[in-house]
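Student: One file is attached below, protein19.cif, containing mmCIF, C-alpha atoms and all ligand atoms.
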```cif
data_model
#
loop_
_atom_site.group_PDB
_atom_site.id
_atom_site.type_symbol
_atom_site.label_atom_id
_atom_site.label_comp_id
_atom_site.auth_asym_id
_atom_site.auth_seq_id
_atom_site.Cartn_x
_atom_site.Cartn_y
_atom_site.Cartn_z
ATOM 1 C CA MET I 1 1.197 -23.333 31.586
ATOM 2 C CA ALA I 2 -1.342 -22.885 34.362
ATOM 3 C CA GLN I 3 -5.028 -23.858 34.145
ATOM 4 C CA PRO I 4 -6.237 -22.835 30.651
ATOM 5 C CA VAL I 5 -8.384 -19.704 30.621
ATOM 6 C CA ALA I 6 -10.606 -19.841 27.552
ATOM 7 C CA ARG I 7 -11.272 -16.116 27.514
ATOM 8 C CA LEU I 8 -11.082 -13.119 29.769
ATOM 9 C CA ASP I 9 -14.225 -12.419 31.770
ATOM 10 C CA ASN I 10 -15.667 -8.902 32.051
ATOM 11 C CA ILE I 11 -13.935 -8.162 35.350
ATOM 12 C CA GLN I 12 -10.583 -9.206 33.878
ATOM 13 C CA LYS I 13 -11.215 -7.104 30.773
ATOM 14 C CA GLU I 14 -11.843 -4.058 32.939
ATOM 15 C CA THR I 15 -9.016 -4.753 35.388
ATOM 16 C CA TYR I 16 -6.446 -5.195 32.611
ATOM 17 C CA SER I 17 -7.905 -2.720 30.112
ATOM 18 C CA ARG I 18 -4.753 -0.551 30.194
ATOM 19 C CA ASN I 19 -2.542 -3.590 29.508
ATOM 20 C CA ILE I 20 -4.855 -4.728 26.716
ATOM 21 C CA LEU I 21 -4.738 -1.304 25.044
ATOM 22 C CA VAL I 22 -0.967 -1.710 24.635
ATOM 23 C CA SER I 23 -0.747 -3.061 21.086
ATOM 24 C CA GLU I 24 2.082 -5.501 21.882
ATOM 25 C CA ILE I 25 -0.058 -7.119 24.596
ATOM 26 C CA GLY I 26 -3.712 -6.971 23.553
ATOM 27 C CA GLU I 27 -6.310 -9.455 24.717
ATOM 28 C CA ALA I 28 -4.283 -12.420 23.439
ATOM 29 C CA GLY I 29 -1.243 -11.376 25.478
ATOM 30 C CA GLN I 30 -3.351 -10.810 28.569
ATOM 31 C CA LEU I 31 -4.790 -14.320 28.178
ATOM 32 C CA ARG I 32 -1.266 -15.707 27.942
ATOM 33 C CA LEU I 33 -0.368 -13.962 31.206
ATOM 34 C CA ALA I 34 -3.477 -15.414 32.869
ATOM 35 C CA GLU I 35 -2.394 -18.892 31.761
ATOM 36 C CA SER I 36 1.228 -18.480 32.907
ATOM 37 C CA ARG I 37 3.133 -19.624 35.960
ATOM 38 C CA VAL I 38 6.119 -17.690 37.322
ATOM 39 C CA LEU I 39 8.407 -18.730 40.166
ATOM 40 C CA LEU I 40 9.948 -15.921 42.193
ATOM 41 C CA VAL I 41 12.956 -16.972 44.269
ATOM 42 C CA GLY I 42 13.772 -14.467 47.018
ATOM 43 C CA LEU I 43 11.361 -12.091 48.746
ATOM 44 C CA GLY I 44 13.820 -9.295 49.496
ATOM 45 C CA GLY I 45 14.333 -5.974 47.710
ATOM 46 C CA LEU I 46 14.221 -7.396 44.166
ATOM 47 C CA GLY I 47 11.415 -9.808 44.947
ATOM 48 C CA SER I 48 9.246 -7.171 46.625
ATOM 49 C CA SER I 49 8.759 -5.083 43.508
ATOM 50 C CA ALA I 50 8.899 -8.019 41.080
ATOM 51 C CA LEU I 51 6.089 -9.803 42.912
ATOM 52 C CA CYS I 52 3.820 -6.756 43.095
ATOM 53 C CA TYR I 53 4.169 -5.949 39.391
ATOM 54 C CA LEU I 54 3.805 -9.562 38.224
ATOM 55 C CA ALA I 55 0.681 -10.007 40.320
ATOM 56 C CA ALA I 56 -0.830 -6.668 39.310
ATOM 57 C CA ALA I 57 -0.138 -7.408 35.624
ATOM 58 C CA GLY I 58 -2.365 -10.483 35.777
ATOM 59 C CA VAL I 59 0.066 -13.445 35.799
ATOM 60 C CA GLY I 60 -2.223 -16.380 36.641
ATOM 61 C CA GLU I 61 -0.080 -18.357 39.044
ATOM 62 C CA ILE I 62 2.979 -17.283 41.039
ATOM 63 C CA GLY I 63 5.226 -19.355 43.294
ATOM 64 C CA ILE I 64 7.212 -17.575 46.003
ATOM 65 C CA ALA I 65 10.282 -19.285 47.483
ATOM 66 C CA ASP I 66 12.190 -17.974 50.492
ATOM 67 C CA GLY I 67 13.259 -19.627 53.744
ATOM 68 C CA ASP I 68 14.047 -16.420 55.655
ATOM 69 C CA ARG I 69 12.139 -14.519 58.288
ATOM 70 C CA VAL I 70 11.649 -10.744 58.261
ATOM 71 C CA ASP I 71 14.357 -8.744 59.999
ATOM 72 C CA ARG I 72 14.204 -5.025 60.940
ATOM 73 C CA THR I 73 17.134 -4.246 58.613
ATOM 74 C CA ASN I 74 15.054 -5.542 55.663
ATOM 75 C CA LEU I 75 12.373 -2.895 55.951
ATOM 76 C CA GLN I 76 14.130 0.002 54.134
ATOM 77 C CA ARG I 77 13.884 -1.918 50.842
ATOM 78 C CA GLN I 78 11.712 -5.021 51.192
ATOM 79 C CA ILE I 79 8.350 -3.327 50.868
ATOM 80 C CA LEU I 80 6.301 -6.522 51.037
ATOM 81 C CA HIS I 81 7.061 -6.579 54.767
ATOM 82 C CA GLY I 82 6.363 -4.117 57.586
ATOM 83 C CA PRO I 83 7.377 -3.717 61.246
ATOM 84 C CA ALA I 84 4.542 -5.994 62.408
ATOM 85 C CA ASP I 85 6.045 -8.804 60.275
ATOM 86 C CA ILE I 86 9.435 -8.890 62.029
ATOM 87 C CA GLY I 87 10.191 -12.520 62.884
ATOM 88 C CA ARG I 88 7.522 -13.923 60.538
ATOM 89 C CA PRO I 89 8.365 -16.071 57.508
ATOM 90 C CA LYS I 90 8.759 -13.826 54.470
ATOM 91 C CA THR I 91 6.453 -16.068 52.439
ATOM 92 C CA GLU I 92 3.651 -15.348 54.938
ATOM 93 C CA SER I 93 3.991 -11.568 54.978
ATOM 94 C CA ALA I 94 4.445 -11.533 51.196
ATOM 95 C CA ARG I 95 1.228 -13.523 50.783
ATOM 96 C CA GLU I 96 -0.737 -11.009 52.846
ATOM 97 C CA SER I 97 0.692 -8.064 50.919
ATOM 98 C CA VAL I 98 0.220 -9.441 47.429
ATOM 99 C CA LEU I 99 -3.295 -10.787 47.986
ATOM 100 C CA LYS I 100 -4.360 -7.189 48.642
ATOM 101 C CA LEU I 101 -3.372 -6.461 45.036
ATOM 102 C CA ARG I 102 -4.913 -9.590 43.521
ATOM 103 C CA THR I 103 -7.603 -11.595 45.298
ATOM 104 C CA ASP I 104 -7.804 -14.125 42.416
ATOM 105 C CA LEU I 105 -4.057 -14.849 42.230
ATOM 106 C CA ARG I 106 -3.099 -18.524 42.496
ATOM 107 C CA LEU I 107 -0.182 -18.215 44.899
ATOM 108 C CA ASN I 108 2.056 -21.156 45.844
ATOM 109 C CA LEU I 109 4.208 -20.809 48.950
ATOM 110 C CA HIS I 110 7.616 -22.518 49.000
ATOM 111 C CA PRO I 111 8.831 -21.501 52.488
ATOM 112 C CA PHE I 112 12.344 -22.874 52.177
ATOM 113 C CA ARG I 113 15.746 -22.077 50.719
ATOM 114 C CA LEU I 114 16.450 -23.676 47.329
ATOM 115 C CA THR I 115 19.034 -26.455 47.631
ATOM 116 C CA PRO I 116 20.532 -28.898 45.119
ATOM 117 C CA GLU I 117 18.061 -31.464 46.516
ATOM 118 C CA ASN I 118 14.832 -29.472 46.090
ATOM 119 C CA ALA I 119 15.577 -26.945 43.313
ATOM 120 C CA ALA I 120 14.716 -29.068 40.263
ATOM 121 C CA ARG I 121 11.290 -30.123 41.505
ATOM 122 C CA THR I 122 10.471 -26.636 42.802
ATOM 123 C CA ILE I 123 11.354 -24.983 39.490
ATOM 124 C CA ALA I 124 9.927 -27.646 37.133
ATOM 125 C CA PRO I 125 6.211 -26.636 37.145
ATOM 126 C CA TYR I 126 6.863 -23.000 36.188
ATOM 127 C CA ASP I 127 7.170 -21.261 32.806
ATOM 128 C CA PHE I 128 9.649 -18.579 33.898
ATOM 129 C CA VAL I 129 11.829 -17.967 36.961
ATOM 130 C CA ILE I 130 12.858 -14.690 38.597
ATOM 131 C CA ASP I 131 16.195 -14.933 40.397
ATOM 132 C CA ALA I 132 15.696 -12.351 43.133
ATOM 133 C CA THR I 133 18.252 -13.938 45.465
ATOM 134 C CA ASP I 134 21.189 -12.205 47.084
ATOM 135 C CA ASN I 135 23.908 -14.869 47.091
ATOM 136 C CA PHE I 136 26.072 -16.686 44.559
ATOM 137 C CA ASP I 137 25.200 -20.219 45.720
ATOM 138 C CA ALA I 138 21.534 -19.597 44.902
ATOM 139 C CA LYS I 139 22.327 -17.789 41.638
ATOM 140 C CA PHE I 140 24.493 -20.593 40.244
ATOM 141 C CA LEU I 141 21.990 -23.208 41.454
ATOM 142 C CA ILE I 142 19.046 -21.470 39.761
ATOM 143 C CA ASN I 143 21.113 -21.043 36.589
ATOM 144 C CA ASP I 144 22.241 -24.651 36.388
ATOM 145 C CA VAL I 145 18.762 -26.075 37.069
ATOM 146 C CA CYS I 146 17.057 -23.689 34.626
ATOM 147 C CA VAL I 147 19.626 -24.337 31.888
ATOM 148 C CA GLY I 148 19.255 -28.092 32.480
ATOM 149 C CA GLN I 149 15.469 -27.811 32.167
ATOM 150 C CA GLY I 150 15.670 -25.437 29.183
ATOM 151 C CA LYS I 151 13.786 -22.846 31.248
ATOM 152 C CA ALA I 152 14.062 -19.085 30.813
ATOM 153 C CA PHE I 153 14.851 -16.879 33.817
ATOM 154 C CA CYS I 154 15.877 -13.340 34.676
ATOM 155 C CA HIS I 155 18.880 -12.625 36.870
ATOM 156 C CA ALA I 156 19.366 -9.398 38.818
ATOM 157 C CA ALA I 157 21.640 -8.147 41.568
ATOM 158 C CA ALA I 158 21.839 -4.886 43.517
ATOM 159 C CA VAL I 159 24.406 -3.488 45.925
ATOM 160 C CA GLY I 160 25.252 0.041 47.040
ATOM 161 C CA LEU I 161 24.066 2.324 44.242
ATOM 162 C CA HIS I 162 24.563 -0.234 41.446
ATOM 163 C CA GLY I 163 22.354 -2.855 39.890
ATOM 164 C CA GLN I 164 22.430 -5.268 36.972
ATOM 165 C CA ALA I 165 20.061 -7.573 35.143
ATOM 166 C CA MET I 166 20.133 -10.087 32.315
ATOM 167 C CA THR I 167 17.742 -12.682 30.932
ATOM 168 C CA ILE I 168 18.752 -16.224 30.148
ATOM 169 C CA VAL I 169 16.888 -18.214 27.509
ATOM 170 C CA PRO I 170 18.749 -21.530 27.202
ATOM 171 C CA GLY I 171 19.856 -22.183 23.639
ATOM 172 C CA LYS I 172 19.307 -18.525 22.637
ATOM 173 C CA GLY I 173 22.189 -16.848 24.467
ATOM 174 C CA PRO I 174 24.735 -17.095 27.268
ATOM 175 C CA CYS I 175 23.775 -18.270 30.735
ATOM 176 C CA TYR I 176 24.800 -16.782 34.085
ATOM 177 C CA ARG I 177 27.639 -19.316 34.354
ATOM 178 C CA CYS I 178 28.867 -18.468 30.810
ATOM 179 C CA VAL I 179 29.390 -14.909 32.083
ATOM 180 C CA PHE I 180 30.449 -15.324 35.722
ATOM 181 C CA GLN I 181 31.923 -18.875 35.570
ATOM 182 C CA GLU I 182 32.358 -19.679 39.290
ATOM 183 C CA LYS I 183 31.467 -18.300 42.689
ATOM 184 C CA PRO I 184 34.039 -15.612 43.635
ATOM 185 C CA PRO I 185 36.067 -15.834 46.889
ATOM 186 C CA ALA I 186 33.911 -14.732 49.855
ATOM 187 C CA GLU I 187 36.250 -11.855 50.841
ATOM 188 C CA THR I 188 35.805 -10.211 47.430
ATOM 189 C CA VAL I 189 32.003 -10.276 47.470
ATOM 190 C CA GLU I 190 30.206 -6.987 48.008
ATOM 191 C CA SER I 191 26.901 -7.699 49.730
ATOM 192 C CA ALA I 192 24.139 -5.515 51.132
ATOM 193 C CA ASP I 193 25.157 -6.740 54.610
ATOM 194 C CA ARG I 194 28.703 -5.415 54.137
ATOM 195 C CA VAL I 195 28.422 -2.316 51.960
ATOM 196 C CA GLY I 196 24.704 -1.518 52.095
ATOM 197 C CA VAL I 197 22.165 -0.962 49.352
ATOM 198 C CA LEU I 198 19.744 1.872 48.701
ATOM 199 C CA GLY I 199 16.253 0.388 48.432
ATOM 200 C CA CYS I 200 15.511 2.142 45.127
ATOM 201 C CA VAL I 201 18.168 0.026 43.388
ATOM 202 C CA PRO I 202 16.659 -3.440 43.935
ATOM 203 C CA GLY I 203 13.197 -1.877 43.668
ATOM 204 C CA ALA I 204 13.883 -0.699 40.099
ATOM 205 C CA LEU I 205 15.719 -3.875 39.121
ATOM 206 C CA GLY I 206 12.851 -6.040 40.393
ATOM 207 C CA ILE I 207 10.498 -4.120 38.102
ATOM 208 C CA ILE I 208 12.881 -4.767 35.182
ATOM 209 C CA GLN I 209 12.755 -8.483 36.050
ATOM 210 C CA ALA I 210 8.952 -8.420 36.103
ATOM 211 C CA ALA I 211 8.983 -6.658 32.718
ATOM 212 C CA GLU I 212 11.289 -9.303 31.244
ATOM 213 C CA ALA I 213 9.014 -12.078 32.521
ATOM 214 C CA ILE I 214 5.932 -10.397 31.034
ATOM 215 C CA LYS I 215 7.662 -9.853 27.666
ATOM 216 C CA TYR I 216 8.804 -13.480 27.561
ATOM 217 C CA LEU I 217 5.361 -14.843 28.458
ATOM 218 C CA VAL I 218 3.512 -12.580 26.016
ATOM 219 C CA GLY I 219 6.172 -12.996 23.326
ATOM 220 C CA CYS I 220 6.822 -9.326 22.637
ATOM 221 C CA GLY I 221 9.836 -7.040 22.480
ATOM 222 C CA ASP I 222 13.545 -7.813 22.797
ATOM 223 C CA LEU I 223 14.711 -9.542 25.952
ATOM 224 C CA LEU I 224 17.988 -8.904 27.782
ATOM 225 C CA VAL I 225 19.406 -12.078 26.233
ATOM 226 C CA GLY I 226 23.136 -11.778 25.600
ATOM 227 C CA ARG I 227 23.057 -8.310 27.151
ATOM 228 C CA LEU I 228 23.940 -7.399 30.731
ATOM 229 C CA LEU I 229 22.094 -4.217 31.695
ATOM 230 C CA THR I 230 23.858 -2.197 34.382
ATOM 231 C CA TRP I 231 22.482 0.793 36.271
ATOM 232 C CA ASP I 232 24.529 3.324 38.217
ATOM 233 C CA LEU I 233 22.118 5.307 40.359
ATOM 234 C CA ARG I 234 24.715 8.034 41.079
ATOM 235 C CA THR I 235 24.813 9.101 37.431
ATOM 236 C CA MET I 236 21.474 7.538 36.389
ATOM 237 C CA ALA I 237 23.369 5.877 33.538
ATOM 238 C CA PHE I 238 22.021 2.631 32.121
ATOM 239 C CA ARG I 239 24.603 0.690 30.118
ATOM 240 C CA GLU I 240 24.570 -2.552 28.205
ATOM 241 C CA ILE I 241 27.406 -5.021 27.945
ATOM 242 C CA GLY I 242 27.198 -7.518 25.069
ATOM 243 C CA LEU I 243 27.879 -11.066 26.245
ATOM 244 C CA PRO I 244 29.119 -13.976 24.139
ATOM 245 C CA LEU I 245 28.152 -17.611 24.710
ATOM 246 C CA SER I 246 31.021 -19.351 26.502
ATOM 247 C CA LYS I 247 32.459 -22.393 24.739
ATOM 248 C CA ARG I 248 33.612 -23.782 28.078
ATOM 249 C CA CYS I 249 30.499 -23.391 30.255
ATOM 250 C CA LYS I 250 29.706 -26.447 32.393
ATOM 251 C CA ALA I 251 25.992 -25.647 32.516
ATOM 252 C CA CYS I 252 25.538 -25.089 28.766
ATOM 253 C CA ASP I 253 27.773 -28.051 27.961
ATOM 254 C CA SER I 254 25.717 -30.496 30.038
ATOM 255 C CA ASN I 255 22.569 -28.958 28.573
ATOM 256 C CA ARG I 256 23.871 -29.598 25.040
ATOM 257 C CA HIS I 257 24.541 -33.239 25.936
ATOM 258 C CA SER I 258 21.212 -33.781 27.635
ATOM 259 C CA ARG I 259 19.244 -32.001 24.897
ATOM 260 C CA PRO I 260 20.608 -33.465 21.647
ATOM 261 C CA GLU I 261 17.875 -31.822 19.539
ATOM 262 C CA ARG I 262 19.605 -28.432 19.957
HETATM 263 ZN ZN ZN I 301 26.424 -21.261 29.976
#
```
Using structure tokens, write down the structure from this file.
Ligand SMILES: [Zn+2]

Tutor:
Amino acid sequence: MAQPVARLDNIQKETYSRNILVSEIGEAGQLRLAESRVLLVGLGGLGSSALCYLAAAGVGEIGIADGDRVDRTNLQRQILHGPADIGRPKTESARESVLKLRTDLRLNLHPFRLTPENAARTIAPYDFVIDATDNFDAKFLINDVCVGQGKAFCHAAAVGLHGQAMTIVPGKGPCYRCVFQEKPPAETVESADRVGVLGCVPGALGIIQAAEAIKYLVGCGDLLVGRLLTWDLRTMAFREIGLPLSKRCKACDSNRHSRPER
């Protein structure tokens, strides 16, 4: 957890009064948010809305990891960045945008792509991770490191007019690798670069990820653990697919061996 906050000051009480009025959150939940650290990996369409809502909700410390620079084709969905940011590192433009929402936010910039060499130490200090990436290498890497560290995270993906999300709490339900096993062949992958994506889809899914993080940190409600939530924007149908724990998952298996207390 981040620097302990003994109690909310008067400005915090006023700023978060509408959160605090929600019975499941209250002042105790708001304090927990203020003491929490969340890592957000990916500052694209998912990350844009997730970051704004996590910051506005009062999460004390947020890390943002992305090695990309802003491109003109990003702007229809990645609302942290504007035309003047084209060519700038996404971590820089995201910092400017989010600090307008929260001047007291402790924001850590990780201006690089997660790799097998740097992922464990980047993820380790945080209480919860948001996987807002757009590629399978990053998704399996985040999963395997988080499962190995026993760390909860929320996965989401968006393409075309479809999105999906699920939350992984190691030891409490299946992980991303339990469900999707291995990276699919490149020619079968639908990506925003190939088939497009309407900005509303990752925008809504990023808010769902922020909500899952807040619920986990506060300790309220039922998380999307063991449940894949899918959203079809054409019909506005939300569906849930129940997911079993895989008996043959490499990530969960090595976690079981390295964490004998489970
Ligand atoms: Zn697994």

Student: Evaluate the PyMOL selection byres (((chain I and resi 178-189) around 9) and not hetatm) against this structure - the residues, as a VMD selection string, please.

Tutor: chain I and resid 136 to 137 140 174 to 177 190 to 191 194 243 to 252

Student: For the provided coordinates, the residues matched by the PyMOL selection byres (((chain I and resi 167) around 6) and not hetatm) should be stated as a PyMOL selection string.

Tutor: chain I and resi 153-154+166+168+224-225

Student: Could you give me, as an MDAnalysis selection string, the residues within 8 Å of range 74-88 of chain I, counting only C-alpha atoms and dropping anything in the same chain fewer than 3 positions from it?

Tutor: chainID I and resid 43:49 69:71 92:94 97:98 198:200 202:203

Student: Taking into account only C-alpha atoms, which residue in the set I:Leu109, I:Ile214, I:Pro125, I:Gly163 is nearest to Ala34 in chain I?

Tutor: I:Ile214

Student: With only C-alpha atoms as the basis for distance, which of I:Tyr126, I:Tyr53, I:Phe112, I:Tyr16 is at the shortest distance from Leu205 in chain I?

Tutor: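 Between I:Tyr126, I:Tyr53, I:Phe112, I:Tyr16, the residue approaching Leu205 in chain I most closely is I:Tyr53.
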
Student: So how many Å separate CA of Ile62 in chain I and CA of Leu21 in chain I, to one decimal?

Tutor: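 Going from CA of Ile62 in chain I over to CA of Leu21 in chain I, I get 23.9 Å.
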
Student: For CA of Asp127 in chain I and CA of Gly63 in chain I, determine how far apart the two atoms are, in Å to one decimal place.

Tutor: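 Atom-to-atom, CA of Asp127 in chain I to CA of Gly63 in chain I, that is 10.8 Å.
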
Student: Counting all atoms listed in the file, which residue out of I:Asn108, I:Asn143, I:Ser23, I:Thr103 sits closest to ligand ZN 301 (chain I)?

Tutor: I:Asn143

Student: Run the PyMOL selection byres (((chain I and resi 149) around 10) and not hetatm) against the file shown and list the residues it catches, as a PyMOL selection string.

Tutor: chain I and resi 120+123-124+143-148+150-152+170+255+258-259

Student: Hey, can you spit out that residue selection with C-alpha atoms as an mmCIF file, keeping the file's coordinate frame?

Tutor:
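Once everything was written out, this is out_11.cif:
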```cif
data_model
loop_
_atom_site.group_PDB
_atom_site.id
_atom_site.type_symbol
_atom_site.label_atom_id
_atom_site.label_comp_id
_atom_site.auth_asym_id
_atom_site.auth_seq_id
_atom_site.Cartn_x
_atom_site.Cartn_y
_atom_site.Cartn_z
ATOM 1 C CA ALA I 120 14.716 -29.068 40.263
ATOM 2 C CA ILE I 123 11.354 -24.983 39.490
ATOM 3 C CA ALA I 124 9.927 -27.646 37.133
ATOM 4 C CA ASN I 143 21.113 -21.043 36.589
ATOM 5 C CA ASP I 144 22.241 -24.651 36.388
ATOM 6 C CA VAL I 145 18.762 -26.075 37.069
ATOM 7 C CA CYS I 146 17.057 -23.689 34.626
ATOM 8 C CA VAL I 147 19.626 -24.337 31.888
ATOM 9 C CA GLY I 148 19.255 -28.092 32.480
ATOM 10 C CA GLY I 150 15.670 -25.437 29.183
ATOM 11 C CA LYS I 151 13.786 -22.846 31.248
ATOM 12 C CA ALA I 152 14.062 -19.085 30.813
ATOM 13 C CA PRO I 170 18.749 -21.530 27.202
ATOM 14 C CA ASN I 255 22.569 -28.958 28.573
ATOM 15 C CA SER I 258 21.212 -33.781 27.635
ATOM 16 C CA ARG I 259 19.244 -32.001 24.897
#
```

Student: Would you please work out which residue, of I:Gly206, I:His162, I:Leu223, I:Cys52, is nearest to Glu96 in chain I when using all atoms listed in the file?

Tutor: I:Cys52

Student: Can you find the residues with an atom no farther than 7 Å from (10.8, -14.2, 43.2), counting all atoms listed in the file, and report them as a count of residues only?

Tutor: 13

Student: Using only C-alpha atoms, can you tell me which of I:Ile11, I:Leu99, I:Leu31, I:Ala158 comes closest to Thr230 in chain I?

Tutor: I:Ala158

Student: Let me have the centre and edge lengths in Å, one decimal, of the box along x, y and z around every listed atom of range 99-115 of chain I with 4 Å of margin on each side, as JSON.

Tutor:
```
{"center_x": 5.6, "center_y": -16.5, "center_z": 47.4, "size_x": 34.8, "size_y": 28.0, "size_z": 18.3}
```

Student: Quick one, how far is CA of Gly58 in chain I from CA of Val201 in chain I?

Tutor: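 The value is 24.3 Å.
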
Student: Would you please work out which residue, of I:Asp232, I:Arg227, I:Ala56, I:Thr15, is nearest to Leu105 in chain I when using only C-alpha atoms?

Tutor: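 Of all the options, I:Ala56 lies closest to Leu105 in chain I.
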
Student: Need to verify the contact set: Arg7 in chain I, 12 Å, all atoms listed in the file, exclusion of same-chain residues closer than 6 positions in sequence. Can you return it as an MDAnalysis selection string?

Tutor: chainID I and resid 13 27:35
